[in-house]
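Heads up, final_31.cif below (mmCIF, C-alpha atoms):
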data_start
#
loop_
_atom_site.label_atom_id
_atom_site.label_comp_id
_atom_site.auth_asym_id
_atom_site.auth_seq_id
_atom_site.Cartn_x
_atom_site.Cartn_y
_atom_site.Cartn_z
CA MET A 10 3.57 -12.15 2.08
CA THR A 11 4.91 -8.71 2.91
CA LEU A 12 8.41 -9.59 1.74
CA GLY A 13 6.86 -11.12 -1.38
CA ALA A 14 5.10 -7.82 -2.05
CA ALA A 15 8.42 -6.00 -1.73
CA VAL A 16 10.09 -8.28 -4.28
CA ALA A 17 7.04 -8.21 -6.54
CA SER A 18 6.87 -4.41 -6.55
CA ALA A 19 10.36 -4.21 -8.06
CA LEU A 20 9.71 -6.96 -10.61
CA LEU A 21 6.30 -5.66 -11.67
CA MET A 22 7.75 -2.17 -12.01
CA ARG A 23 10.25 -3.44 -14.59
CA LEU A 24 7.48 -5.32 -16.39
CA ALA A 25 5.30 -2.19 -16.46
CA LEU A 26 8.16 -0.18 -17.97
CA ALA A 27 8.68 -2.78 -20.68
CA ARG A 28 5.11 -3.88 -21.45
CA GLY A 29 2.72 -1.47 -19.71
CA ARG A 30 0.36 -1.54 -16.74
CA ARG A 31 -2.05 -4.09 -18.20
CA ILE A 32 0.57 -6.83 -18.57
CA ALA A 33 2.22 -6.05 -15.22
CA LEU A 34 -0.97 -5.97 -13.14
CA SER A 35 -2.46 -9.04 -14.84
CA THR A 36 0.75 -11.02 -14.35
CA GLY A 37 0.91 -10.07 -10.68
CA LEU A 38 -2.64 -11.28 -10.06
CA LEU A 39 -1.99 -14.53 -11.92
CA ILE A 40 1.07 -15.21 -9.75
CA GLY A 41 -0.93 -14.27 -6.66
CA ALA A 42 -3.64 -16.76 -7.66
CA ALA A 43 -0.97 -19.46 -8.06
CA GLY A 44 0.16 -18.63 -4.53
CA ALA A 45 -3.38 -19.09 -3.20
CA VAL A 46 -3.57 -22.49 -4.90
CA GLY A 47 -0.23 -23.31 -3.32
CA VAL A 48 -1.62 -22.55 0.15
CA VAL A 49 -4.43 -25.05 -0.43
CA LEU A 50 -1.95 -27.69 -1.59
CA ALA A 51 0.24 -26.97 1.43
CA ALA A 52 -2.73 -27.43 3.75
CA VAL A 53 -3.61 -30.73 2.14
CA SER A 54 -0.05 -32.07 2.10
CA GLY A 55 1.20 -30.51 5.34
CA ALA A 56 4.26 -29.10 3.56
CA PHE A 57 5.27 -26.00 5.52
CA TRP A 58 7.89 -24.96 2.95
CA LEU A 59 5.15 -24.84 0.33
CA LEU A 60 3.05 -22.64 2.61
CA VAL A 61 5.93 -20.17 2.97
CA ALA A 62 6.71 -20.16 -0.76
CA SER A 63 3.03 -19.67 -1.55
CA GLY A 64 2.87 -16.72 0.85
CA VAL A 65 5.64 -15.05 -1.13
CA LEU A 66 3.63 -15.55 -4.34
CA ILE A 67 0.47 -14.14 -2.75
CA GLY A 68 2.57 -11.04 -2.09
CA PHE A 69 2.42 -10.38 -5.84
CA GLY A 70 -1.32 -9.83 -5.43
CA ASN A 71 -0.64 -7.33 -2.66
CA ALA A 72 1.86 -5.54 -4.91
CA VAL A 73 -0.80 -5.24 -7.61
CA ASN A 74 -3.14 -3.56 -5.11
CA LEU A 75 -0.41 -1.01 -4.40
CA GLN A 76 0.57 -0.37 -8.02
CA ALA A 77 -3.04 -0.09 -9.20
CA ARG A 78 -3.36 3.24 -7.36
CA PHE A 79 -0.50 4.63 -9.42
CA ALA A 80 -2.00 3.29 -12.65
CA ALA A 81 -5.02 5.48 -11.93
CA THR A 82 -2.82 8.59 -12.11
CA ASP A 83 -1.10 7.92 -15.44
CA LEU A 84 -3.67 9.94 -17.37
CA SER A 85 -5.11 12.01 -14.53
CA ALA A 86 -5.47 15.76 -14.76
CA THR A 87 -3.04 17.41 -12.36
CA GLU A 88 -5.79 18.91 -10.23
CA HIS A 89 -7.45 15.50 -9.71
CA ARG A 90 -4.50 13.17 -9.13
CA GLY A 91 -5.13 12.77 -5.41
CA ARG A 92 -8.81 12.03 -5.95
CA ASP A 93 -8.21 9.48 -8.72
CA LEU A 94 -5.49 7.69 -6.77
CA SER A 95 -7.61 7.59 -3.63
CA LEU A 96 -10.61 6.05 -5.42
CA VAL A 97 -8.56 2.94 -6.17
CA VAL A 98 -7.42 2.79 -2.53
CA TRP A 99 -11.06 3.23 -1.47
CA MET A 100 -12.17 0.20 -3.50
CA SER A 101 -9.87 -1.94 -1.35
CA THR A 102 -12.38 -1.39 1.47
CA ILE A 103 -14.69 -4.01 0.00
CA GLY A 104 -12.13 -6.80 -0.10
CA ALA A 105 -10.34 -5.82 3.09
CA VAL A 106 -13.51 -5.78 5.18
CA ALA A 107 -15.33 -8.65 3.47
CA GLY A 108 -12.33 -11.00 3.22
CA PRO A 109 -11.99 -11.97 6.89
CA ASN A 110 -15.74 -12.52 7.09
CA LEU A 111 -15.62 -15.18 4.37
CA ILE A 112 -14.06 -17.77 6.68
CA GLY A 113 -17.46 -19.37 7.28
CA ALA A 114 -18.24 -19.60 3.57
CA GLY A 115 -14.72 -20.90 2.97
CA GLY A 116 -15.25 -23.62 5.56
CA THR A 117 -18.45 -24.73 3.84
CA LEU A 118 -16.67 -24.80 0.50
CA ALA A 119 -13.76 -26.73 2.00
CA ALA A 120 -16.13 -29.35 3.42
CA GLY A 121 -17.60 -29.85 -0.04
CA LEU A 122 -14.16 -30.19 -1.61
CA GLY A 123 -12.80 -32.43 1.13
CA ILE A 124 -9.90 -30.11 2.07
CA PRO A 125 -8.89 -28.58 5.45
CA ALA A 126 -11.45 -26.06 6.66
CA LEU A 127 -9.33 -22.89 6.70
CA SER A 128 -7.90 -23.57 3.24
CA GLY A 129 -11.34 -23.02 1.72
CA LEU A 130 -10.84 -19.28 2.10
CA PHE A 131 -7.90 -19.50 -0.30
CA VAL A 132 -10.08 -21.17 -2.91
CA ILE A 133 -12.22 -18.03 -2.79
CA SER A 134 -9.06 -15.90 -2.97
CA THR A 135 -7.95 -17.77 -6.08
CA ALA A 136 -11.25 -17.07 -7.80
CA GLY A 137 -11.17 -13.41 -6.76
CA MET A 138 -7.68 -12.81 -8.13
CA LEU A 139 -8.49 -14.57 -11.39
CA VAL A 140 -11.60 -12.41 -11.81
CA GLY A 141 -9.52 -9.32 -11.09
CA MET A 142 -6.94 -10.44 -13.64
CA ALA A 143 -9.64 -10.89 -16.27
CA VAL A 144 -11.08 -7.44 -15.58
CA ILE A 145 -7.68 -5.79 -16.02
CA TRP A 146 -6.71 -7.91 -19.03
CA ILE A 147 -9.95 -7.13 -20.87
CA GLY A 148 -10.79 -3.67 -19.58
CA LEU A 149 -7.49 -1.81 -19.23
CA ARG A 150 -7.38 -0.79 -22.89
CA PRO A 151 -5.70 1.34 -24.00
CA ASP A 152 -2.92 0.87 -21.49
CA PRO A 153 -2.66 4.17 -19.56
CA TYR A 154 1.11 4.08 -19.18
CA LEU A 155 1.70 3.25 -22.83
CA VAL A 156 -0.58 6.15 -23.76
CA LEU A 157 1.34 8.42 -21.39
CA ILE A 158 4.71 7.65 -23.00
CA GLY A 159 3.35 7.77 -26.54
CA ARG A 160 3.48 4.07 -27.39
CA GLN A 161 -0.31 3.71 -27.74
CA PRO A 162 -2.96 6.14 -28.97
CA LEU A 163 -5.68 7.31 -26.64
CA ALA A 164 -8.99 5.86 -27.79
CA GLY A 165 -11.27 8.47 -29.32
CA ALA A 166 -8.57 11.13 -29.39
CA ASP A 167 -7.49 10.72 -33.04
CA GLY A 168 -4.16 9.27 -32.03
CA ALA A 169 -3.36 12.07 -29.60
CA VAL A 170 -1.24 11.32 -26.55
CA THR A 171 -0.97 13.17 -23.27
CA ALA A 172 2.82 13.44 -23.08
CA ALA A 173 5.85 13.43 -25.31
CA PRO A 174 7.29 9.96 -25.94
CA VAL A 175 9.88 8.91 -23.38
CA PRO A 176 13.32 8.40 -24.95
CA GLY A 177 14.44 4.81 -25.36
CA GLY A 178 17.35 3.22 -23.56
CA PRO A 179 17.99 0.81 -20.70
CA ARG A 180 15.03 0.15 -18.44
CA PRO A 181 15.63 1.63 -14.97
CA GLY A 182 15.69 -0.76 -12.04
CA LEU A 183 15.16 -0.48 -8.30
CA ARG A 184 18.36 1.47 -7.72
CA GLN A 185 17.42 4.03 -10.35
CA GLY A 186 13.92 4.25 -8.87
CA ILE A 187 15.29 5.03 -5.42
CA ARG A 188 17.63 7.61 -6.91
CA ALA A 189 14.70 9.22 -8.73
CA LEU A 190 12.68 9.37 -5.53
CA TRP A 191 15.50 10.95 -3.58
CA SER A 192 16.50 13.48 -6.23
CA HIS A 193 13.22 15.43 -6.11
CA PRO A 194 12.21 17.20 -2.87
CA GLY A 195 8.50 16.42 -3.25
CA SER A 196 8.94 12.70 -3.91
CA ARG A 197 11.55 12.46 -1.14
CA ALA A 198 9.12 13.92 1.39
CA GLY A 199 6.31 11.69 0.13
CA LEU A 200 8.50 8.59 0.44
CA ILE A 201 9.58 9.43 4.00
CA GLY A 202 5.97 9.85 5.06
CA ILE A 203 4.79 6.65 3.38
CA VAL A 204 7.57 4.48 4.79
CA ALA A 205 7.24 5.81 8.35
CA ALA A 206 3.43 5.60 8.34
CA HIS A 207 3.41 2.04 7.03
CA ALA A 208 6.05 0.81 9.48
CA VAL A 209 4.19 2.30 12.46
CA MET A 210 0.78 1.15 11.24
CA VAL A 211 1.89 -2.48 10.78
CA ALA A 212 3.79 -2.51 14.08
CA VAL A 213 0.90 -1.26 16.21
CA MET A 214 -1.83 -3.07 14.31
CA SER A 215 -0.11 -6.47 14.34
CA MET A 216 0.37 -6.46 18.13
CA THR A 217 -3.04 -5.05 19.07
CA PRO A 218 -4.86 -8.43 18.99
CA VAL A 219 -2.22 -9.83 21.36
CA HIS A 220 -2.67 -6.82 23.64
CA LEU A 221 -6.46 -7.08 23.62
CA THR A 222 -6.60 -10.81 24.36
CA GLY A 223 -4.00 -10.33 27.10
CA HIS A 224 -6.40 -7.89 28.76
CA GLY A 225 -9.40 -10.19 28.55
CA ALA A 226 -11.02 -9.04 25.30
CA SER A 227 -13.18 -11.54 23.47
CA ILE A 228 -12.47 -12.63 19.92
CA THR A 229 -15.51 -10.56 18.91
CA ILE A 230 -13.89 -7.39 20.28
CA VAL A 231 -10.64 -8.24 18.54
CA GLY A 232 -12.44 -8.80 15.23
CA LEU A 233 -14.42 -5.57 15.58
CA THR A 234 -11.25 -3.62 16.36
CA VAL A 235 -9.41 -4.95 13.32
CA SER A 236 -12.44 -4.34 11.07
CA LEU A 237 -12.81 -0.75 12.23
CA HIS A 238 -9.07 -0.21 11.77
CA ILE A 239 -9.26 -1.50 8.20
CA ALA A 240 -12.29 0.72 7.55
CA GLY A 241 -10.24 3.66 8.81
CA MET A 242 -7.46 2.76 6.37
CA TYR A 243 -9.62 2.62 3.26
CA ALA A 244 -13.15 3.95 3.68
CA LEU A 245 -12.24 7.67 3.80
CA ALA A 246 -9.48 7.50 1.20
CA PRO A 247 -11.47 9.68 -1.29
CA VAL A 248 -11.69 12.39 1.38
CA MET A 249 -7.91 12.25 1.76
CA GLY A 250 -7.54 12.47 -2.01
CA VAL A 251 -9.76 15.53 -2.34
CA LEU A 252 -7.97 17.22 0.56
CA THR A 253 -4.64 16.47 -1.11
CA ASP A 254 -5.80 18.12 -4.33
CA ARG A 255 -7.09 21.19 -2.50
CA LEU A 256 -4.60 21.66 0.33
CA GLY A 257 -1.47 20.04 -1.05
CA GLY A 258 0.25 16.77 -0.25
CA ARG A 259 2.56 18.14 2.44
CA ILE A 260 -0.28 19.46 4.60
CA VAL A 261 -2.35 16.27 4.35
CA ALA A 262 0.69 14.05 4.93
CA ALA A 263 1.62 16.10 8.02
CA GLY A 264 -1.96 15.80 9.26
CA GLY A 265 -1.75 12.05 8.77
CA MET A 266 1.47 11.87 10.78
CA VAL A 267 -0.06 13.86 13.63
CA THR A 268 -3.05 11.50 13.61
CA LEU A 269 -0.67 8.53 13.77
CA LEU A 270 1.09 10.15 16.71
CA VAL A 271 -2.18 10.54 18.63
CA SER A 272 -3.26 7.00 17.74
CA ALA A 273 0.01 5.43 18.92
CA LEU A 274 -0.22 7.22 22.26
CA LEU A 275 -3.91 6.40 22.73
CA ALA A 276 -3.41 2.72 21.94
CA GLY A 277 -0.24 2.46 24.00
CA PHE A 278 -1.79 3.99 27.11
CA SER A 279 -5.17 2.24 26.70
CA GLY A 280 -4.41 -0.65 29.06
CA ASP A 281 -7.58 -2.65 29.61
CA ALA A 282 -9.84 0.17 28.32
CA HIS A 283 -10.89 -1.58 25.12
CA VAL A 284 -12.87 1.40 23.81
CA VAL A 285 -9.74 3.55 23.91
CA THR A 286 -7.81 0.83 22.05
CA VAL A 287 -10.50 0.75 19.37
CA ILE A 288 -10.40 4.54 18.97
CA GLY A 289 -6.62 4.40 18.72
CA LEU A 290 -6.78 1.76 15.98
CA ILE A 291 -9.38 3.72 14.00
CA LEU A 292 -7.14 6.79 14.14
CA LEU A 293 -4.19 4.60 13.17
CA GLY A 294 -6.03 3.64 9.98
CA LEU A 295 -7.04 7.23 9.22
CA GLY A 296 -3.50 8.52 9.73
CA TRP A 297 -2.10 5.82 7.46
CA SER A 298 -4.69 6.67 4.81
CA ALA A 299 -3.84 10.38 4.84
CA ALA A 300 -0.08 9.83 4.77
CA THR A 301 -0.22 7.14 2.08
CA VAL A 302 -2.63 8.90 -0.28
CA ALA A 303 -0.90 12.27 0.09
CA GLY A 304 2.60 10.78 -0.14
CA SER A 305 1.71 8.77 -3.24
CA ALA A 306 0.26 11.86 -4.93
CA MET A 307 3.42 13.80 -4.06
CA ILE A 308 5.56 11.12 -5.73
CA VAL A 309 3.47 11.27 -8.91
CA ALA A 310 3.57 15.07 -9.00
CA ALA A 311 7.30 15.39 -8.33
CA THR A 312 8.78 12.76 -10.66
CA PRO A 313 9.12 13.28 -14.44
CA VAL A 314 7.30 10.83 -16.70
CA ALA A 315 10.53 9.05 -17.66
CA GLU A 316 11.29 8.27 -14.00
CA ARG A 317 7.79 7.89 -12.63
CA VAL A 318 7.10 4.15 -12.84
CA ALA A 319 10.56 3.28 -11.51
CA ALA A 320 10.03 5.68 -8.63
CA GLN A 321 6.60 4.22 -7.90
CA GLY A 322 7.92 0.66 -7.91
CA ALA A 323 10.78 1.63 -5.61
CA SER A 324 8.33 3.39 -3.29
CA ASP A 325 6.13 0.29 -3.03
CA THR A 326 9.17 -1.93 -2.44
CA LEU A 327 10.46 0.27 0.37
CA MET A 328 6.95 0.58 1.80
CA SER A 329 6.54 -3.21 1.95
CA LEU A 330 10.01 -3.69 3.46
CA ALA A 331 9.16 -1.08 6.11
CA GLY A 332 5.97 -2.98 6.91
CA ALA A 333 7.87 -6.26 7.22
CA ALA A 334 10.44 -4.62 9.51
CA GLY A 335 7.70 -2.98 11.56
CA GLY A 336 5.89 -6.27 12.08
CA LEU A 337 9.08 -8.11 13.01
CA LEU A 338 10.35 -5.47 15.44
CA ALA A 339 6.89 -5.05 16.98
CA GLY A 340 6.94 -8.59 18.32
CA VAL A 341 10.38 -8.03 19.84
CA ALA A 342 9.25 -4.70 21.31
CA LEU A 343 6.10 -6.22 22.81
CA ALA A 344 8.16 -8.89 24.55
CA ALA A 345 10.79 -6.42 25.77
CA ILE A 346 8.91 -3.21 26.65
CA GLY A 347 5.23 -4.12 26.40
CA TYR A 348 2.40 -2.58 24.40
CA LEU A 349 2.82 0.78 26.14
CA GLY A 350 6.49 0.81 25.16
CA LEU A 351 5.58 -0.10 21.58
CA GLY A 352 3.16 2.83 21.42
CA ALA A 353 5.76 5.19 22.86
CA ALA A 354 8.43 3.95 20.44
CA SER A 355 6.01 4.42 17.53
CA ALA A 356 5.29 7.97 18.73
CA VAL A 357 9.03 8.71 18.75
CA VAL A 358 9.34 7.45 15.17
CA ILE A 359 6.50 9.73 14.07
CA LEU A 360 7.97 12.74 15.90
CA ILE A 361 11.32 12.17 14.19
CA THR A 362 9.55 11.87 10.84
CA LEU A 363 7.66 15.12 11.39
CA ALA A 364 10.92 16.86 12.31
CA VAL A 365 12.63 15.56 9.16
CA LEU A 366 9.71 16.62 6.96
CA ALA A 367 9.66 20.10 8.54
CA TRP A 368 13.42 20.44 8.03
CA THR A 369 13.26 19.35 4.39
CA ALA A 370 10.37 21.74 3.70
CA ARG A 371 12.35 24.64 5.23
CA THR A 372 15.46 23.69 3.27
CA ASN A 373 13.49 23.54 0.02
CA ARG A 374 12.06 27.02 0.59
CA ARG A 375 15.57 28.43 1.06
CA THR A 376 16.88 26.79 -2.11
CA PRO A 377 16.76 29.21 -5.11
#
Go ahead and express the file in the form of structure tokens.
Amino acid sequence: MTLGAAVASALLMRLALARGRRIALSTGLLIGAAGAVGVVLAAVSGAFWLLVASGVLIGFGNAVNLQARFAATDLSATEHRGRDLSLVVWMSTIGAVAGPNLIGAGGTLAAGLGIPALSGLFVISTAGMLVGMAVIWIGLRPDPYLVLIGRQPLAGADGAVTAAPVPGGPRPGLRQGIRALWSHPGSRAGLIGIVAAHAVMVAVMSMTPVHLTGHGASITIVGLTVSLHIAGMYALAPVMGVLTDRLGGRIVAAGGMVTLLVSALLAGFSGDAHVVTVIGLILLGLGWSAATVAGSAMIVAATPVAERVAAQGASDTLMSLAGAAGGLLAGVALAAIGYLGLGAASAVVILITLAVLAWTARTNRRTP
């Protein structure tokens, strides 16, 4: 699913450039819904290859969640970009917290449909993504990106647009998006923070249930820990957005990295103290939220309109790839050096990231 989100981010970016946000986001949710249907069919037929392929398609739904936050900034006032972006991230709280708790309802639905119990949850997922697609297809008018580049009028503004039309020419791809990110100091710093925060968050979060059960925690404690971690990721996103607007993206992103550093050390050294593990995972979510919201706002602020969507798509692709790598390496690290070693390794990654961000900030101040 994570690798699917990485591929989808690049593809949906190109579609957004050609046809606008409405078409891109709606298409991504439709493909994600097809993936959820595929999971149900895989459960019924026992075809593992279909399960894997369907997971890739569900990744398109994840990519839509990521790109929707950028869509909220297309027509934002400069002083409110962080807030507007964070409100979309905040809305993910509802689905992220409620989703895992729908297993019981999914089982009841599955019994009525005569399909395997756990596949019922994906029937609900299919319906949710189709509803989301309909909301975007009907409600996202006029298309904010097409208004931004002058290809659609802004409703009620007598045909006025918010930016000069972007010159025509070849549509930029992933390579051009990465180049755009790296060519501007602000977007480069935002990207570094986002990628490092996501890799560390996925690595620590994915191994925490294994750590907890290995130290005698009940499934209830594991579920509570994951739920509180998810709440930390999303519930305070508007606070991170307002702080970004008032203090600047670099300060909030640095604060997020410091929070991630503390969380990795707390979780790593928690041992069988489950309360300490829970606190570490809550801080892990809060640090990720600060770094992701602030870094995303920095990318929007630093990239010109003509490069912005390509840069955003490249950022989401690299973010998803970092998460996939973090999850994969976390399992290897847990087997080789244990949960304490994983926490220490994550802390080292964050310290290196903070050093790089401090060096780039100093270099930028010295540049005329």
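Look at range 283-295 of chain A: the protein and nucleic acid residues within 7 Å of it, using all atoms listed in the file and passing over chain neighbours fewer than 4 places away, are A:Met210, A:Thr234, A:Leu237, A:His238, A:Ile239, A:Gly241, A:Met242, A:Thr268, A:Leu269, A:Ser272, A:Ala273, A:Leu275, A:Ala276, A:Ser279, A:Ala299.
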Given the selection you just returned, output its residues as a file containing C-alpha atoms, formatted as a PDB file, keeping the file's coordinate frame.
ATOM      1  CA  MET A 210       0.780   1.150  11.240  1.00  0.00           C
ATOM      2  CA  THR A 234     -11.250  -3.620  16.360  1.00  0.00           C
ATOM      3  CA  LEU A 237     -12.810  -0.750  12.230  1.00  0.00           C
ATOM      4  CA  HIS A 238      -9.070  -0.210  11.770  1.00  0.00           C
ATOM      5  CA  ILE A 239      -9.260  -1.500   8.200  1.00  0.00           C
ATOM      6  CA  GLY A 241     -10.240   3.660   8.810  1.00  0.00           C
ATOM      7  CA  MET A 242      -7.460   2.760   6.370  1.00  0.00           C
ATOM      8  CA  THR A 268      -3.050  11.500  13.610  1.00  0.00           C
ATOM      9  CA  LEU A 269      -0.670   8.530  13.770  1.00  0.00           C
ATOM     10  CA  SER A 272      -3.260   7.000  17.740  1.00  0.00           C
ATOM     11  CA  ALA A 273       0.010   5.430  18.920  1.00  0.00           C
ATOM     12  CA  LEU A 275      -3.910   6.400  22.730  1.00  0.00           C
ATOM     13  CA  ALA A 276      -3.410   2.720  21.940  1.00  0.00           C
ATOM     14  CA  SER A 279      -5.170   2.240  26.700  1.00  0.00           C
ATOM     15  CA  ALA A 299      -3.840  10.380   4.840  1.00  0.00           C
TER      16      ALA A 299
END
Quick one: which residues end up in the PyMOL selection byres ((chain A and resi 73) around 8) for this structure, as a compact mmCIF listing (two decimals) with C-alpha atoms, in the frame of the given file?
# COMPACT_ATOMS: atom_id res chain seq x y z
CA SER A 18 6.87 -4.41 -6.55
CA LEU A 34 -0.97 -5.97 -13.14
CA GLY A 37 0.91 -10.07 -10.68
CA LEU A 38 -2.64 -11.28 -10.06
CA PHE A 69 2.42 -10.38 -5.84
CA GLY A 70 -1.32 -9.83 -5.43
CA ASN A 71 -0.64 -7.33 -2.66
CA ALA A 72 1.86 -5.54 -4.91
CA ASN A 74 -3.14 -3.56 -5.11
CA LEU A 75 -0.41 -1.01 -4.40
CA GLN A 76 0.57 -0.37 -8.02
CA ALA A 77 -3.04 -0.09 -9.20
Where does range 255-331 of chain A meet range 354-368 of chain A within 12 Å, residue by residue, with the nearest atom pair and distance in Å to one decimal for each, counting all atoms listed in the file, listed by chain and rising number, as JSON lines?
{"residue": "A:Gly258", "atom": "CA", "partner": "A:Leu366", "partner_atom": "CA", "distance": 11.9}
{"residue": "A:Arg259", "atom": "CA", "partner": "A:Leu366", "partner_atom": "CA", "distance": 8.6}
{"residue": "A:Ile260", "atom": "CA", "partner": "A:Leu366", "partner_atom": "CA", "distance": 10.7}
{"residue": "A:Ala262", "atom": "CA", "partner": "A:Leu363", "partner_atom": "CA", "distance": 9.6}
{"residue": "A:Ala263", "atom": "CA", "partner": "A:Leu363", "partner_atom": "CA", "distance": 7.0}
{"residue": "A:Gly264", "atom": "CA", "partner": "A:Leu363", "partner_atom": "CA", "distance": 9.9}
{"residue": "A:Gly265", "atom": "CA", "partner": "A:Ile359", "partner_atom": "CA", "distance": 10.1}
{"residue": "A:Met266", "atom": "CA", "partner": "A:Ile359", "partner_atom": "CA", "distance": 6.4}
{"residue": "A:Val267", "atom": "CA", "partner": "A:Ile359", "partner_atom": "CA", "distance": 7.8}
{"residue": "A:Thr268", "atom": "CA", "partner": "A:Ile359", "partner_atom": "CA", "distance": 9.7}
{"residue": "A:Leu269", "atom": "CA", "partner": "A:Ile359", "partner_atom": "CA", "distance": 7.3}
{"residue": "A:Leu270", "atom": "CA", "partner": "A:Ala356", "partner_atom": "CA", "distance": 5.1}
{"residue": "A:Val271", "atom": "CA", "partner": "A:Ala356", "partner_atom": "CA", "distance": 7.9}
{"residue": "A:Ser272", "atom": "CA", "partner": "A:Ala356", "partner_atom": "CA", "distance": 8.7}
{"residue": "A:Ala273", "atom": "CA", "partner": "A:Ala356", "partner_atom": "CA", "distance": 5.9}
{"residue": "A:Leu274", "atom": "CA", "partner": "A:Ala356", "partner_atom": "CA", "distance": 6.6}
{"residue": "A:Leu275", "atom": "CA", "partner": "A:Ala356", "partner_atom": "CA", "distance": 10.2}
{"residue": "A:Ala276", "atom": "CA", "partner": "A:Ser355", "partner_atom": "CA", "distance": 10.5}
{"residue": "A:Gly277", "atom": "CA", "partner": "A:Ser355", "partner_atom": "CA", "distance": 9.2}
{"residue": "A:Phe278", "atom": "CA", "partner": "A:Ala356", "partner_atom": "CA", "distance": 11.7}
{"residue": "A:Leu293", "atom": "CA", "partner": "A:Ser355", "partner_atom": "CA", "distance": 11.1}
{"residue": "A:Gly296", "atom": "CA", "partner": "A:Ile359", "partner_atom": "CA", "distance": 11.0}
{"residue": "A:Trp297", "atom": "CA", "partner": "A:Ile359", "partner_atom": "CA", "distance": 11.5}
{"residue": "A:Ala300", "atom": "CA", "partner": "A:Ile359", "partner_atom": "CA", "distance": 11.4}
{"residue": "A:Gly304", "atom": "CA", "partner": "A:Leu366", "partner_atom": "CA", "distance": 11.6}
Report task. Measure the distance from CA of Ala62 in chain A to CA of Gly108 in chain A in Å and round it to one decimal. Result -> 21.5 Å
Query raised in the report: Of the candidates A:Ser63, A:Gln321, A:Ser35, A:Thr253, which one gets nearest to Leu50 in chain A if we count all atoms listed in the file?
Result: A:Ser63
Requested in this report: Write out as a list in words which residues come within 7 Å of Ser95 in chain A when counting only C-alpha atoms, dropping same-chain ones fewer than 2 positions away.
Outcome: Gly91, Arg92, Asp93, Val97, Val98, Trp99, Ala246, Pro247, Gly250 and Val302 of chain A
Query raised in the report: Which residue gives the smallest distance to Gly137 in chain A among A:Ala344, A:Val46, A:Val231, A:Ala14, with all atoms listed in the file counted?
Result: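 Using all atoms listed in the file, Gly137 in chain A sits closest to A:Val46.
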Query raised in the report: Using all atoms listed in the file, which residues sit within 8 Å of Leu139 in chain A once same-chain residues fewer than 2 positions away are excluded, as JSON, numbers by chain?
Result: {"A": [38, 39, 42, 135, 136, 137, 141, 142, 143]}
Report task. Figure out the distance between CA of Leu26 in chain A and CA of Glu88 in chain A, please, to one decimal in Å. Result ->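 Between these atoms lies a distance of 24.9 Å.
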Query raised in the report: A:Ile32, A:Val53, A:Ala198, A:Gly280: which is nearest Ala126 in chain A, counting only C-alpha atoms?
Result: A:Val53
